[in-house]
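One file, upload06.cif, carrying mmCIF, C-alpha atoms (C1' of nucleotides):
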```cif
data_protein
loop_
_atom_site.group_PDB
_atom_site.id
_atom_site.type_symbol
_atom_site.label_atom_id
_atom_site.label_comp_id
_atom_site.auth_asym_id
_atom_site.auth_seq_id
_atom_site.Cartn_x
_atom_site.Cartn_y
_atom_site.Cartn_z
ATOM 1 C CA MET A 13 -19.254 13.340 24.761
ATOM 2 C CA GLU A 14 -22.289 12.594 22.571
ATOM 3 C CA THR A 15 -21.761 15.842 20.705
ATOM 4 C CA ALA A 16 -18.076 15.052 20.254
ATOM 5 C CA GLU A 17 -18.982 11.677 18.813
ATOM 6 C CA ALA A 18 -21.580 13.163 16.475
ATOM 7 C CA LEU A 19 -19.118 15.795 15.244
ATOM 8 C CA HIS A 20 -16.451 13.180 14.757
ATOM 9 C CA SER A 21 -18.724 11.059 12.582
ATOM 10 C CA ALA A 22 -19.949 14.104 10.682
ATOM 11 C CA ALA A 23 -16.399 15.237 9.927
ATOM 12 C CA ILE A 24 -15.445 11.788 8.627
ATOM 13 C CA ARG A 25 -18.515 11.668 6.388
ATOM 14 C CA LEU A 26 -17.958 15.182 5.113
ATOM 15 C CA LEU A 27 -14.335 14.610 4.111
ATOM 16 C CA ARG A 28 -15.195 11.249 2.589
ATOM 17 C CA LEU A 29 -17.682 13.015 0.346
ATOM 18 C CA VAL A 30 -15.291 15.665 -0.925
ATOM 19 C CA ARG A 31 -12.242 13.407 -1.200
ATOM 20 C CA THR A 32 -13.532 11.967 -4.455
ATOM 21 C CA GLU A 33 -12.697 15.264 -6.179
ATOM 22 C CA ASP A 34 -8.983 14.970 -5.444
ATOM 23 C CA ALA A 35 -8.219 12.263 -7.981
ATOM 24 C CA GLN A 36 -8.572 14.889 -10.719
ATOM 25 C CA SER A 37 -5.534 16.783 -9.463
ATOM 26 C CA GLY A 38 -3.220 13.869 -10.232
ATOM 27 C CA VAL A 39 -1.325 14.525 -6.995
ATOM 28 C CA GLY A 40 -1.381 12.302 -3.911
ATOM 29 C CA PRO A 41 -3.103 13.265 -0.648
ATOM 30 C CA ALA A 42 0.060 13.903 1.360
ATOM 31 C CA GLN A 43 1.467 16.203 -1.312
ATOM 32 C CA LEU A 44 -1.839 18.061 -1.628
ATOM 33 C CA SER A 45 -2.075 18.539 2.114
ATOM 34 C CA ALA A 46 1.500 19.781 2.442
ATOM 35 C CA LEU A 47 1.014 22.111 -0.509
ATOM 36 C CA SER A 48 -2.104 23.501 1.113
ATOM 37 C CA VAL A 49 -0.109 24.472 4.192
ATOM 38 C CA LEU A 50 2.561 26.115 2.047
ATOM 39 C CA VAL A 51 -0.048 28.088 0.121
ATOM 40 C CA PHE A 52 -2.003 29.298 3.148
ATOM 41 C CA ARG A 53 0.815 29.817 5.632
ATOM 42 C CA GLY A 54 3.566 30.907 3.278
ATOM 43 C CA GLU A 55 7.274 30.138 3.520
ATOM 44 C CA LEU A 56 8.183 27.441 6.057
ATOM 45 C CA THR A 57 11.172 25.257 6.828
ATOM 46 C CA LEU A 58 10.922 21.533 6.200
ATOM 47 C CA GLY A 59 10.846 20.792 9.911
ATOM 48 C CA GLU A 60 8.039 23.269 10.533
ATOM 49 C CA LEU A 61 6.012 21.796 7.697
ATOM 50 C CA ALA A 62 6.617 18.262 8.976
ATOM 51 C CA ALA A 63 5.395 19.278 12.443
ATOM 52 C CA LEU A 64 2.261 20.941 11.048
ATOM 53 C CA GLU A 65 1.524 17.896 8.917
ATOM 54 C CA GLN A 66 2.178 15.526 11.823
ATOM 55 C CA VAL A 67 4.813 13.512 9.995
ATOM 56 C CA ARG A 68 8.539 12.959 10.615
ATOM 57 C CA PRO A 69 11.133 14.985 8.718
ATOM 58 C CA PRO A 70 12.232 12.102 6.446
ATOM 59 C CA THR A 71 8.643 11.624 5.339
ATOM 60 C CA MET A 72 8.220 15.328 4.621
ATOM 61 C CA SER A 73 11.542 15.401 2.803
ATOM 62 C CA ARG A 74 10.206 12.855 0.344
ATOM 63 C CA ILE A 75 6.811 14.520 0.012
ATOM 64 C CA VAL A 76 8.635 17.740 -0.864
ATOM 65 C CA ASP A 77 10.743 15.796 -3.402
ATOM 66 C CA GLY A 78 7.482 14.991 -5.171
ATOM 67 C CA LEU A 79 6.221 18.572 -5.040
ATOM 68 C CA VAL A 80 9.533 19.885 -6.406
ATOM 69 C CA GLN A 81 9.593 17.306 -9.215
ATOM 70 C CA ARG A 82 6.098 18.419 -10.204
ATOM 71 C CA LYS A 83 7.230 22.062 -9.961
ATOM 72 C CA LEU A 84 4.545 22.785 -7.367
ATOM 73 C CA ALA A 85 7.003 23.913 -4.673
ATOM 74 C CA GLN A 86 10.581 25.162 -4.340
ATOM 75 C CA ARG A 87 13.405 24.326 -1.937
ATOM 76 C CA VAL A 88 15.686 27.253 -1.052
ATOM 77 C CA SER A 89 18.579 27.047 1.383
ATOM 78 C CA ALA A 90 17.896 29.393 4.308
ATOM 79 C CA ALA A 91 20.211 32.402 4.543
ATOM 80 C CA ALA A 92 20.311 32.641 8.332
ATOM 81 C CA ASP A 93 20.846 28.920 8.979
ATOM 82 C CA ARG A 94 22.366 26.986 6.124
ATOM 83 C CA ARG A 95 21.295 23.659 7.583
ATOM 84 C CA ALA A 96 17.654 24.633 7.110
ATOM 85 C CA VAL A 97 15.590 24.562 3.928
ATOM 86 C CA LYS A 98 12.944 27.168 3.162
ATOM 87 C CA LEU A 99 9.942 25.932 1.216
ATOM 88 C CA THR A 100 7.521 27.934 -0.899
ATOM 89 C CA ALA A 101 4.706 27.030 -3.269
ATOM 90 C CA THR A 102 5.247 27.957 -6.921
ATOM 91 C CA ALA A 103 2.617 29.894 -8.872
ATOM 92 C CA GLN A 104 1.720 26.602 -10.538
ATOM 93 C CA GLY A 105 1.381 24.973 -7.120
ATOM 94 C CA ARG A 106 -0.895 27.720 -5.865
ATOM 95 C CA THR A 107 -3.091 27.441 -8.949
ATOM 96 C CA LEU A 108 -3.372 23.654 -8.724
ATOM 97 C CA LEU A 109 -4.163 23.747 -5.026
ATOM 98 C CA LEU A 110 -6.785 26.474 -5.264
ATOM 99 C CA ALA A 111 -8.494 24.702 -8.152
ATOM 100 C CA GLY A 112 -8.627 21.470 -6.152
ATOM 101 C CA LYS A 113 -9.962 23.173 -3.079
ATOM 102 C CA ALA A 114 -12.612 24.955 -5.140
ATOM 103 C CA ARG A 115 -13.731 21.591 -6.554
ATOM 104 C CA ARG A 116 -14.056 20.184 -3.040
ATOM 105 C CA VAL A 117 -15.981 23.189 -1.745
ATOM 106 C CA ARG A 118 -18.295 23.233 -4.773
ATOM 107 C CA ALA A 119 -19.031 19.522 -4.325
ATOM 108 C CA LEU A 120 -19.895 20.131 -0.698
ATOM 109 C CA ALA A 121 -21.969 23.235 -1.412
ATOM 110 C CA LYS A 122 -23.955 21.281 -3.987
ATOM 111 C CA ARG A 123 -24.853 18.693 -1.345
ATOM 112 C CA MET A 124 -25.890 21.495 0.990
ATOM 113 C CA ALA A 125 -28.335 23.031 -1.465
ATOM 114 C CA ALA A 126 -31.337 21.489 0.301
ATOM 115 C CA PHE A 127 -30.646 23.271 3.586
ATOM 116 C CA THR A 128 -32.744 26.246 4.659
ATOM 117 C CA LYS A 129 -31.260 29.628 5.519
ATOM 118 C CA ASP A 130 -31.635 28.946 9.207
ATOM 119 C CA GLU A 131 -29.890 25.612 8.852
ATOM 120 C CA ILE A 132 -27.024 27.281 7.006
ATOM 121 C CA LYS A 133 -26.841 29.806 9.851
ATOM 122 C CA THR A 134 -26.485 26.955 12.326
ATOM 123 C CA LEU A 135 -23.753 25.323 10.271
ATOM 124 C CA GLU A 136 -21.934 28.617 9.877
ATOM 125 C CA ALA A 137 -22.014 29.181 13.628
ATOM 126 C CA ALA A 138 -20.789 25.633 14.288
ATOM 127 C CA ALA A 139 -17.905 26.031 11.847
ATOM 128 C CA GLU A 140 -16.837 29.205 13.600
ATOM 129 C CA LEU A 141 -16.952 27.499 16.983
ATOM 130 C CA LEU A 142 -14.852 24.612 15.717
ATOM 131 C CA GLY A 143 -12.276 27.123 14.555
ATOM 132 C CA LYS A 144 -11.571 27.819 18.212
ATOM 133 C CA LEU A 145 -10.643 24.235 19.027
ATOM 134 C CA MET B 21 -20.245 28.500 -0.563
ATOM 135 C CA GLU B 22 -18.624 30.348 2.359
ATOM 136 C CA THR B 23 -20.308 28.009 4.794
ATOM 137 C CA ALA B 24 -19.166 24.999 2.795
ATOM 138 C CA GLU B 25 -15.616 26.294 2.882
ATOM 139 C CA ALA B 26 -15.752 26.963 6.620
ATOM 140 C CA LEU B 27 -17.133 23.480 7.301
ATOM 141 C CA HIS B 28 -14.510 21.936 5.073
ATOM 142 C CA SER B 29 -11.694 23.628 6.976
ATOM 143 C CA ALA B 30 -13.289 22.801 10.323
ATOM 144 C CA ALA B 31 -13.605 19.121 9.426
ATOM 145 C CA ILE B 32 -9.954 18.936 8.386
ATOM 146 C CA ARG B 33 -8.835 20.589 11.612
ATOM 147 C CA LEU B 34 -11.048 18.379 13.729
ATOM 148 C CA LEU B 35 -9.789 15.118 12.242
ATOM 149 C CA ARG B 36 -6.207 16.339 12.379
ATOM 150 C CA LEU B 37 -6.638 16.863 16.104
ATOM 151 C CA VAL B 38 -8.005 13.406 16.852
ATOM 152 C CA ARG B 39 -5.769 11.521 14.430
ATOM 153 C CA THR B 40 -2.875 11.693 16.878
ATOM 154 C CA GLU B 41 -4.637 9.126 19.064
ATOM 155 C CA ASP B 42 -4.565 6.433 16.393
ATOM 156 C CA ALA B 43 -0.861 5.633 16.666
ATOM 157 C CA GLN B 44 -1.591 3.854 19.949
ATOM 158 C CA SER B 45 -3.664 1.197 18.211
ATOM 159 C CA GLY B 46 -0.652 -0.082 16.260
ATOM 160 C CA VAL B 47 -2.817 -0.507 13.172
ATOM 161 C CA GLY B 48 -2.627 1.612 10.015
ATOM 162 C CA PRO B 49 -5.330 4.111 9.013
ATOM 163 C CA ALA B 50 -6.719 2.093 6.103
ATOM 164 C CA GLN B 51 -7.120 -1.005 8.266
ATOM 165 C CA LEU B 52 -8.730 1.002 11.061
ATOM 166 C CA SER B 53 -11.160 2.637 8.674
ATOM 167 C CA ALA B 54 -12.134 -0.642 7.032
ATOM 168 C CA LEU B 55 -12.531 -2.294 10.428
ATOM 169 C CA SER B 56 -14.780 0.545 11.525
ATOM 170 C CA VAL B 57 -17.132 -0.147 8.631
ATOM 171 C CA LEU B 58 -17.175 -3.855 9.438
ATOM 172 C CA VAL B 59 -17.963 -3.161 13.082
ATOM 173 C CA PHE B 60 -20.743 -0.652 12.463
ATOM 174 C CA ARG B 61 -22.335 -2.126 9.354
ATOM 175 C CA GLY B 62 -21.788 -5.815 10.033
ATOM 176 C CA GLU B 63 -21.016 -8.542 7.514
ATOM 177 C CA LEU B 64 -20.066 -7.319 4.038
ATOM 178 C CA THR B 65 -18.451 -8.741 0.919
ATOM 179 C CA LEU B 66 -15.006 -7.547 -0.065
ATOM 180 C CA GLY B 67 -16.392 -5.642 -3.027
ATOM 181 C CA GLU B 68 -19.002 -3.869 -0.917
ATOM 182 C CA LEU B 69 -16.365 -2.872 1.622
ATOM 183 C CA ALA B 70 -14.051 -1.640 -1.136
ATOM 184 C CA ALA B 71 -16.856 0.520 -2.564
ATOM 185 C CA LEU B 72 -17.714 1.990 0.854
ATOM 186 C CA GLU B 73 -14.060 2.747 1.520
ATOM 187 C CA GLN B 74 -13.598 4.240 -1.955
ATOM 188 C CA VAL B 75 -10.748 1.927 -2.909
ATOM 189 C CA ARG B 76 -10.359 -0.744 -5.603
ATOM 190 C CA PRO B 77 -10.862 -4.425 -4.783
ATOM 191 C CA PRO B 78 -7.132 -5.321 -4.944
ATOM 192 C CA THR B 79 -6.382 -2.609 -2.398
ATOM 193 C CA MET B 80 -9.119 -3.831 -0.078
ATOM 194 C CA SER B 81 -7.982 -7.422 -0.526
ATOM 195 C CA ARG B 82 -4.598 -6.472 0.919
ATOM 196 C CA ILE B 83 -6.074 -4.335 3.697
ATOM 197 C CA VAL B 84 -8.161 -7.350 4.703
ATOM 198 C CA ASP B 85 -5.009 -9.526 4.582
ATOM 199 C CA GLY B 86 -3.609 -7.273 7.289
ATOM 200 C CA LEU B 87 -6.762 -7.382 9.392
ATOM 201 C CA VAL B 88 -6.914 -11.178 9.144
ATOM 202 C CA GLN B 89 -3.223 -11.555 10.067
ATOM 203 C CA ARG B 90 -3.859 -9.430 13.141
ATOM 204 C CA LYS B 91 -6.978 -11.510 13.906
ATOM 205 C CA LEU B 92 -9.165 -8.393 13.778
ATOM 206 C CA ALA B 93 -11.382 -9.700 10.962
ATOM 207 C CA GLN B 94 -12.379 -12.973 9.316
ATOM 208 C CA ARG B 95 -12.791 -14.057 5.695
ATOM 209 C CA VAL B 96 -15.581 -16.572 5.062
ATOM 210 C CA SER B 97 -16.530 -17.884 1.638
ATOM 211 C CA ALA B 98 -20.120 -16.868 0.868
ATOM 212 C CA ALA B 99 -22.632 -19.693 0.708
ATOM 213 C CA ALA B 100 -24.872 -18.219 -1.991
ATOM 214 C CA ASP B 101 -22.058 -17.139 -4.356
ATOM 215 C CA ARG B 102 -18.826 -19.021 -3.910
ATOM 216 C CA ARG B 103 -16.853 -16.371 -5.780
ATOM 217 C CA ALA B 104 -17.646 -13.862 -3.055
ATOM 218 C CA VAL B 105 -16.008 -13.460 0.345
ATOM 219 C CA LYS B 106 -17.949 -12.455 3.449
ATOM 220 C CA LEU B 107 -16.054 -10.332 5.949
ATOM 221 C CA THR B 108 -16.760 -9.881 9.650
ATOM 222 C CA ALA B 109 -14.921 -8.236 12.517
ATOM 223 C CA THR B 110 -13.692 -10.554 15.267
ATOM 224 C CA ALA B 111 -14.428 -9.854 18.935
ATOM 225 C CA GLN B 112 -10.823 -8.684 19.234
ATOM 226 C CA GLY B 113 -11.332 -6.385 16.241
ATOM 227 C CA ARG B 114 -14.466 -4.890 17.750
ATOM 228 C CA THR B 115 -12.695 -4.259 21.045
ATOM 229 C CA LEU B 116 -9.670 -2.635 19.421
ATOM 230 C CA LEU B 117 -11.801 -0.430 17.208
ATOM 231 C CA LEU B 118 -14.131 0.735 19.965
ATOM 232 C CA ALA B 119 -11.186 1.543 22.239
ATOM 233 C CA GLY B 120 -9.585 3.600 19.478
ATOM 234 C CA LYS B 121 -12.762 5.453 18.710
ATOM 235 C CA ALA B 122 -13.300 6.190 22.396
ATOM 236 C CA ARG B 123 -9.793 7.671 22.607
ATOM 237 C CA ARG B 124 -10.544 9.922 19.644
ATOM 238 C CA VAL B 125 -13.877 11.059 21.031
ATOM 239 C CA ARG B 126 -12.423 11.688 24.504
ATOM 240 C CA ALA B 127 -9.607 13.765 22.986
ATOM 241 C CA LEU B 128 -12.140 15.843 21.092
ATOM 242 C CA ALA B 129 -14.488 16.215 24.070
ATOM 243 C CA LYS B 130 -11.567 17.441 26.167
ATOM 244 C CA ARG B 131 -10.895 20.193 23.640
ATOM 245 C CA MET B 132 -14.580 21.118 23.707
ATOM 246 C CA ALA B 133 -14.679 21.594 27.471
ATOM 247 C CA ALA B 134 -14.548 25.390 27.152
ATOM 248 C CA PHE B 135 -17.773 25.596 25.171
ATOM 249 C CA THR B 136 -20.983 26.815 26.817
ATOM 250 C CA LYS B 137 -24.186 24.784 26.838
ATOM 251 C CA ASP B 138 -25.633 26.921 24.065
ATOM 252 C CA GLU B 139 -22.559 26.427 21.958
ATOM 253 C CA ILE B 140 -22.759 22.672 22.449
ATOM 254 C CA LYS B 141 -26.411 22.872 21.365
ATOM 255 C CA THR B 142 -25.338 24.601 18.172
ATOM 256 C CA LEU B 143 -22.687 21.998 17.480
ATOM 257 C CA GLU B 144 -25.124 19.179 18.179
ATOM 258 C CA ALA B 145 -27.635 20.664 15.757
ATOM 259 C CA ALA B 146 -24.956 21.122 13.110
ATOM 260 C CA ALA B 147 -23.769 17.524 13.471
ATOM 261 C CA GLU B 148 -27.317 16.303 12.979
ATOM 262 C CA LEU B 149 -27.735 18.433 9.863
ATOM 263 C CA LEU B 150 -24.489 17.116 8.418
ATOM 264 C CA GLY B 151 -25.785 13.597 8.935
ATOM 265 C CA LYS B 152 -28.315 14.330 6.183
ATOM 266 C CA LEU B 153 -25.692 15.102 3.571
ATOM 267 C "C1'" DC C 23 40.226 29.180 19.119
ATOM 268 C "C1'" DG C 24 38.975 24.543 18.793
ATOM 269 C "C1'" DC C 25 36.487 20.506 20.353
ATOM 270 C "C1'" DT C 26 32.116 18.484 21.392
ATOM 271 C "C1'" DA C 27 27.251 18.429 21.304
ATOM 272 C "C1'" DA C 28 23.119 19.504 19.270
ATOM 273 C "C1'" DT C 29 20.265 20.635 15.200
ATOM 274 C "C1'" DA C 30 18.356 20.351 10.263
ATOM 275 C "C1'" DC C 31 17.941 17.696 6.785
ATOM 276 C "C1'" DT C 32 18.815 13.598 3.763
ATOM 277 C "C1'" DT C 33 19.574 8.682 2.647
ATOM 278 C "C1'" DA C 34 18.564 3.802 3.211
ATOM 279 C "C1'" DG C 35 15.583 0.353 4.089
ATOM 280 C "C1'" DC C 36 11.233 -1.507 5.867
ATOM 281 C "C1'" DA C 37 5.819 -1.741 6.136
ATOM 282 C "C1'" DT C 38 1.397 0.002 4.590
ATOM 283 C "C1'" DA C 39 -1.687 1.656 1.134
ATOM 284 C "C1'" DG C 40 -3.123 3.227 -3.444
ATOM 285 C "C1'" DC C 41 -3.426 1.933 -8.552
ATOM 286 C "C1'" DT C 42 -3.817 -1.020 -13.206
ATOM 287 C "C1'" DA C 43 -3.233 -5.334 -15.649
ATOM 288 C "C1'" DA C 44 -3.696 -10.014 -15.768
ATOM 289 C "C1'" DC C 45 -5.159 -14.474 -13.710
ATOM 290 C "C1'" DT C 46 -8.440 -17.868 -11.365
ATOM 291 C "C1'" DT C 47 -12.704 -19.426 -10.133
ATOM 292 C "C1'" DA C 48 -17.601 -19.294 -10.192
ATOM 293 C "C1'" DT C 49 -22.053 -17.712 -12.013
ATOM 294 C "C1'" DA C 50 -25.221 -16.362 -15.812
ATOM 295 C "C1'" DG C 51 -27.212 -16.281 -20.373
ATOM 296 C "C1'" DT C 52 -27.998 -17.967 -24.317
ATOM 297 C "C1'" DA D 17 -22.436 -26.801 -23.159
ATOM 298 C "C1'" DC D 18 -20.096 -22.404 -24.522
ATOM 299 C "C1'" DT D 19 -19.336 -17.955 -23.939
ATOM 300 C "C1'" DA D 20 -19.533 -13.866 -21.350
ATOM 301 C "C1'" DT D 21 -19.622 -11.617 -16.996
ATOM 302 C "C1'" DA D 22 -18.515 -11.093 -12.196
ATOM 303 C "C1'" DA D 23 -15.712 -11.554 -7.620
ATOM 304 C "C1'" DG D 24 -11.315 -11.942 -5.692
ATOM 305 C "C1'" DT D 25 -6.439 -12.526 -5.862
ATOM 306 C "C1'" DT D 26 -1.684 -11.928 -7.522
ATOM 307 C "C1'" DA D 27 2.045 -9.155 -9.458
ATOM 308 C "C1'" DG D 28 4.258 -5.076 -9.865
ATOM 309 C "C1'" DC D 29 4.401 -0.052 -9.876
ATOM 310 C "C1'" DT D 30 4.097 4.601 -7.053
ATOM 311 C "C1'" DA D 31 3.238 7.109 -2.834
ATOM 312 C "C1'" DT D 32 3.453 7.639 2.134
ATOM 313 C "C1'" DG D 33 4.464 6.392 6.862
ATOM 314 C "C1'" DC D 34 8.342 4.930 10.138
ATOM 315 C "C1'" DT D 35 13.310 4.275 12.435
ATOM 316 C "C1'" DA D 36 18.289 4.240 12.088
ATOM 317 C "C1'" DA D 37 22.191 6.211 10.423
ATOM 318 C "C1'" DG D 38 24.846 9.729 7.757
ATOM 319 C "C1'" DT D 39 26.139 14.744 6.420
ATOM 320 C "C1'" DA D 40 26.522 19.436 7.101
ATOM 321 C "C1'" DT D 41 26.017 23.376 9.959
ATOM 322 C "C1'" DT D 42 25.478 25.849 14.226
ATOM 323 C "C1'" DA D 43 25.978 26.432 19.243
ATOM 324 C "C1'" DG D 44 28.324 25.893 23.648
ATOM 325 C "C1'" DC D 45 32.165 26.113 26.328
ATOM 326 C "C1'" DG D 46 36.793 25.450 28.206
#
```
Now, as a test, write the supplied structure out as structure tokens.
Amino acid sequence: METAEALHSAAIRLLRLVRTEDAQSGVGPAQLSALSVLVFRGELTLGELAALEQVRPPTMSRIVDGLVQRKLAQRVSAAADRRAVKLTATAQGRTLLLAGKARRVRALAKRMAAFTKDEIKTLEAAAELLGKL
Amino acid sequence: METAEALHSAAIRLLRLVRTEDAQSGVGPAQLSALSVLVFRGELTLGELAALEQVRPPTMSRIVDGLVQRKLAQRVSAAADRRAVKLTATAQGRTLLLAGKARRVRALAKRMAAFTKDEIKTLEAAAELLGKL
DNA sequence: CGCTAATACTTAGCATAGCTAACTTATAGT
DNA sequence: ACTATAAGTTAGCTATGCTAAGTATTAGCG
């Protein structure tokens, strides 16, 4: 439990630090997060994306409206099931997202410059463990 | 850089996992986050709280409106500078926040049950390192 | 085959949460 | 005192969350 609490606090602090970089993208947090899923997981239906993002379909529908207006994603009617909508990131969307993520990671790496090699090893190992959650 | 990226992803995943618990509190994320700062750092002015939460004063003013309406926090005019407003969490606010945080931590600890003692040691060490960021 | 039920998404309308601009009140600096 | 600065609030915009209800399509079944 103590470790869980410490990790929880650390995660909040970490994301609070990097969040400041996102303003530069000119895109809101929900749109950025949804776009990230589209870029890294590829084509998804709206319902699948809503589930992954832990929001209801109407919310995701509007988030996607924003992404489409900004030409960062595309809506395509699914061939197999014409009720469904297939979503993909555009090249522009991919570029914007990767640039934003790189800014975040660079900001974090800069803060980590004071760590020793052994400390980095520990952090690396911890990150891998957390991937199994 | 690779470690920074891995930690970044891990932090996002971790908070995504625990976020599901927050719906039970019946209070929005911005109010919960602001209340958390009030509980753990004690009395603050509105401007100080806005800076810590990385939002502008008008945004924080409205978040505090919500907390006050729900009787989770109090506004008190500051004695030394009557332009300023001192904010404190109420007993009810403290209780609600601590219950919510406990739910989050329990949910995370449950997911961590499969880890060995050595792995927990690694995570503990990593959390402490991240506290220095 | 055709009717009903279920599914995928959208629309409408509400609350919360972010911003800038402009206003009010109080303090500070000549 | 007079002006400038500082702290909060108010007003009004956009974005993001929800539920309820509507539309279109697919599935189930007699």
List, as a ChimeraX atom specification, every residue that the PyMOL selection byres ((chain D) within 10 of (chain A)) selects in the file provided.
/D:30-35,40-42
In the coordinates of the file, take the point (-2.7, 0.5, -12.7) and a cut-off of 10 Å; then, counting only C-alpha atoms (C1' of nucleotides), name each qualifying protein, DNA or RNA residue as JSON, numbers by chain.
{"C": [40, 41, 42, 43], "D": [28, 29, 30]}
Written file, previous selection with C-alpha atoms (C1' of nucleotides), as a CSV table (one decimal), in the frame of the given file:
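As a result, again01.csv now contains:
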```csv
chain,number,residue,atom,x,y,z
C,40,DG,C1',-3.1,3.2,-3.4
C,41,DC,C1',-3.4,1.9,-8.6
C,42,DT,C1',-3.8,-1.0,-13.2
C,43,DA,C1',-3.2,-5.3,-15.6
D,28,DG,C1',4.3,-5.1,-9.9
D,29,DC,C1',4.4,-0.1,-9.9
D,30,DT,C1',4.1,4.6,-7.1
```
Counting all atoms listed in the file, a student should be able to say which residues of chain C come within 9 Å of chain B; what is the right answer, written as a list in words?
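Filtering chain C at 9 Å from chain B with all atoms listed in the file gives DT38, DA39, DG40, DC41, DT47, DA48 and DT49 of chain C.
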Starting from the PyMOL selection byres ((chain A and resi 49-64) around 6), expand the selection into actual residues of this file and give them as a PDB file with C-alpha atoms, in the frame of the given file.
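Result written to result.pdb:
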```pdb
ATOM      1  CA  ALA A  46       1.500  19.781   2.442  1.00  0.00           C
ATOM      2  CA  LEU A  47       1.014  22.111  -0.509  1.00  0.00           C
ATOM      3  CA  SER A  48      -2.104  23.501   1.113  1.00  0.00           C
ATOM      4  CA  GLU A  65       1.524  17.896   8.917  1.00  0.00           C
ATOM      5  CA  GLN A  66       2.178  15.526  11.823  1.00  0.00           C
ATOM      6  CA  VAL A  67       4.813  13.512   9.995  1.00  0.00           C
ATOM      7  CA  ARG A  68       8.539  12.959  10.615  1.00  0.00           C
ATOM      8  CA  PRO A  69      11.133  14.985   8.718  1.00  0.00           C
ATOM      9  CA  MET A  72       8.220  15.328   4.621  1.00  0.00           C
ATOM     10  CA  VAL A  97      15.590  24.562   3.928  1.00  0.00           C
ATOM     11  CA  LYS A  98      12.944  27.168   3.162  1.00  0.00           C
ATOM     12  CA  LEU A  99       9.942  25.932   1.216  1.00  0.00           C
ATOM     13  CA  THR A 100       7.521  27.934  -0.899  1.00  0.00           C
ATOM     14  CA  ALA A 101       4.706  27.030  -3.269  1.00  0.00           C
TER      15      ALA A 101
END
```
At most 8 Å to chain B: residues in chain A, all atoms listed in the file, as a ChimeraX atom specification
/A:13,15-20,22-27,117-118,120-121,123-124,131-132,134-143,145
Report as a list in words the full result of the PyMOL selection byres ((chain D and resi 37) around 10) when it is applied to this structure.
DT33 and DA34 of chain C; DT35, DA36 and DG38 of chain D
Taking 4 positions as the minimum chain separation for residues in the same chain, which residues sit within 9 Å of D:DT25 when counting only C-alpha atoms (C1' of nucleotides)? Answer as a list of chain:residue names.
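The filter keeps B:Pro78, B:Ser81, C:DC45, C:DT46.
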Leaving out C:DT26 and any residue of its chain fewer than 3 positions from it, which residues lie within 12 Å of it when counting all atoms listed in the file, given as an NGL selection string?
:D and (43-46)
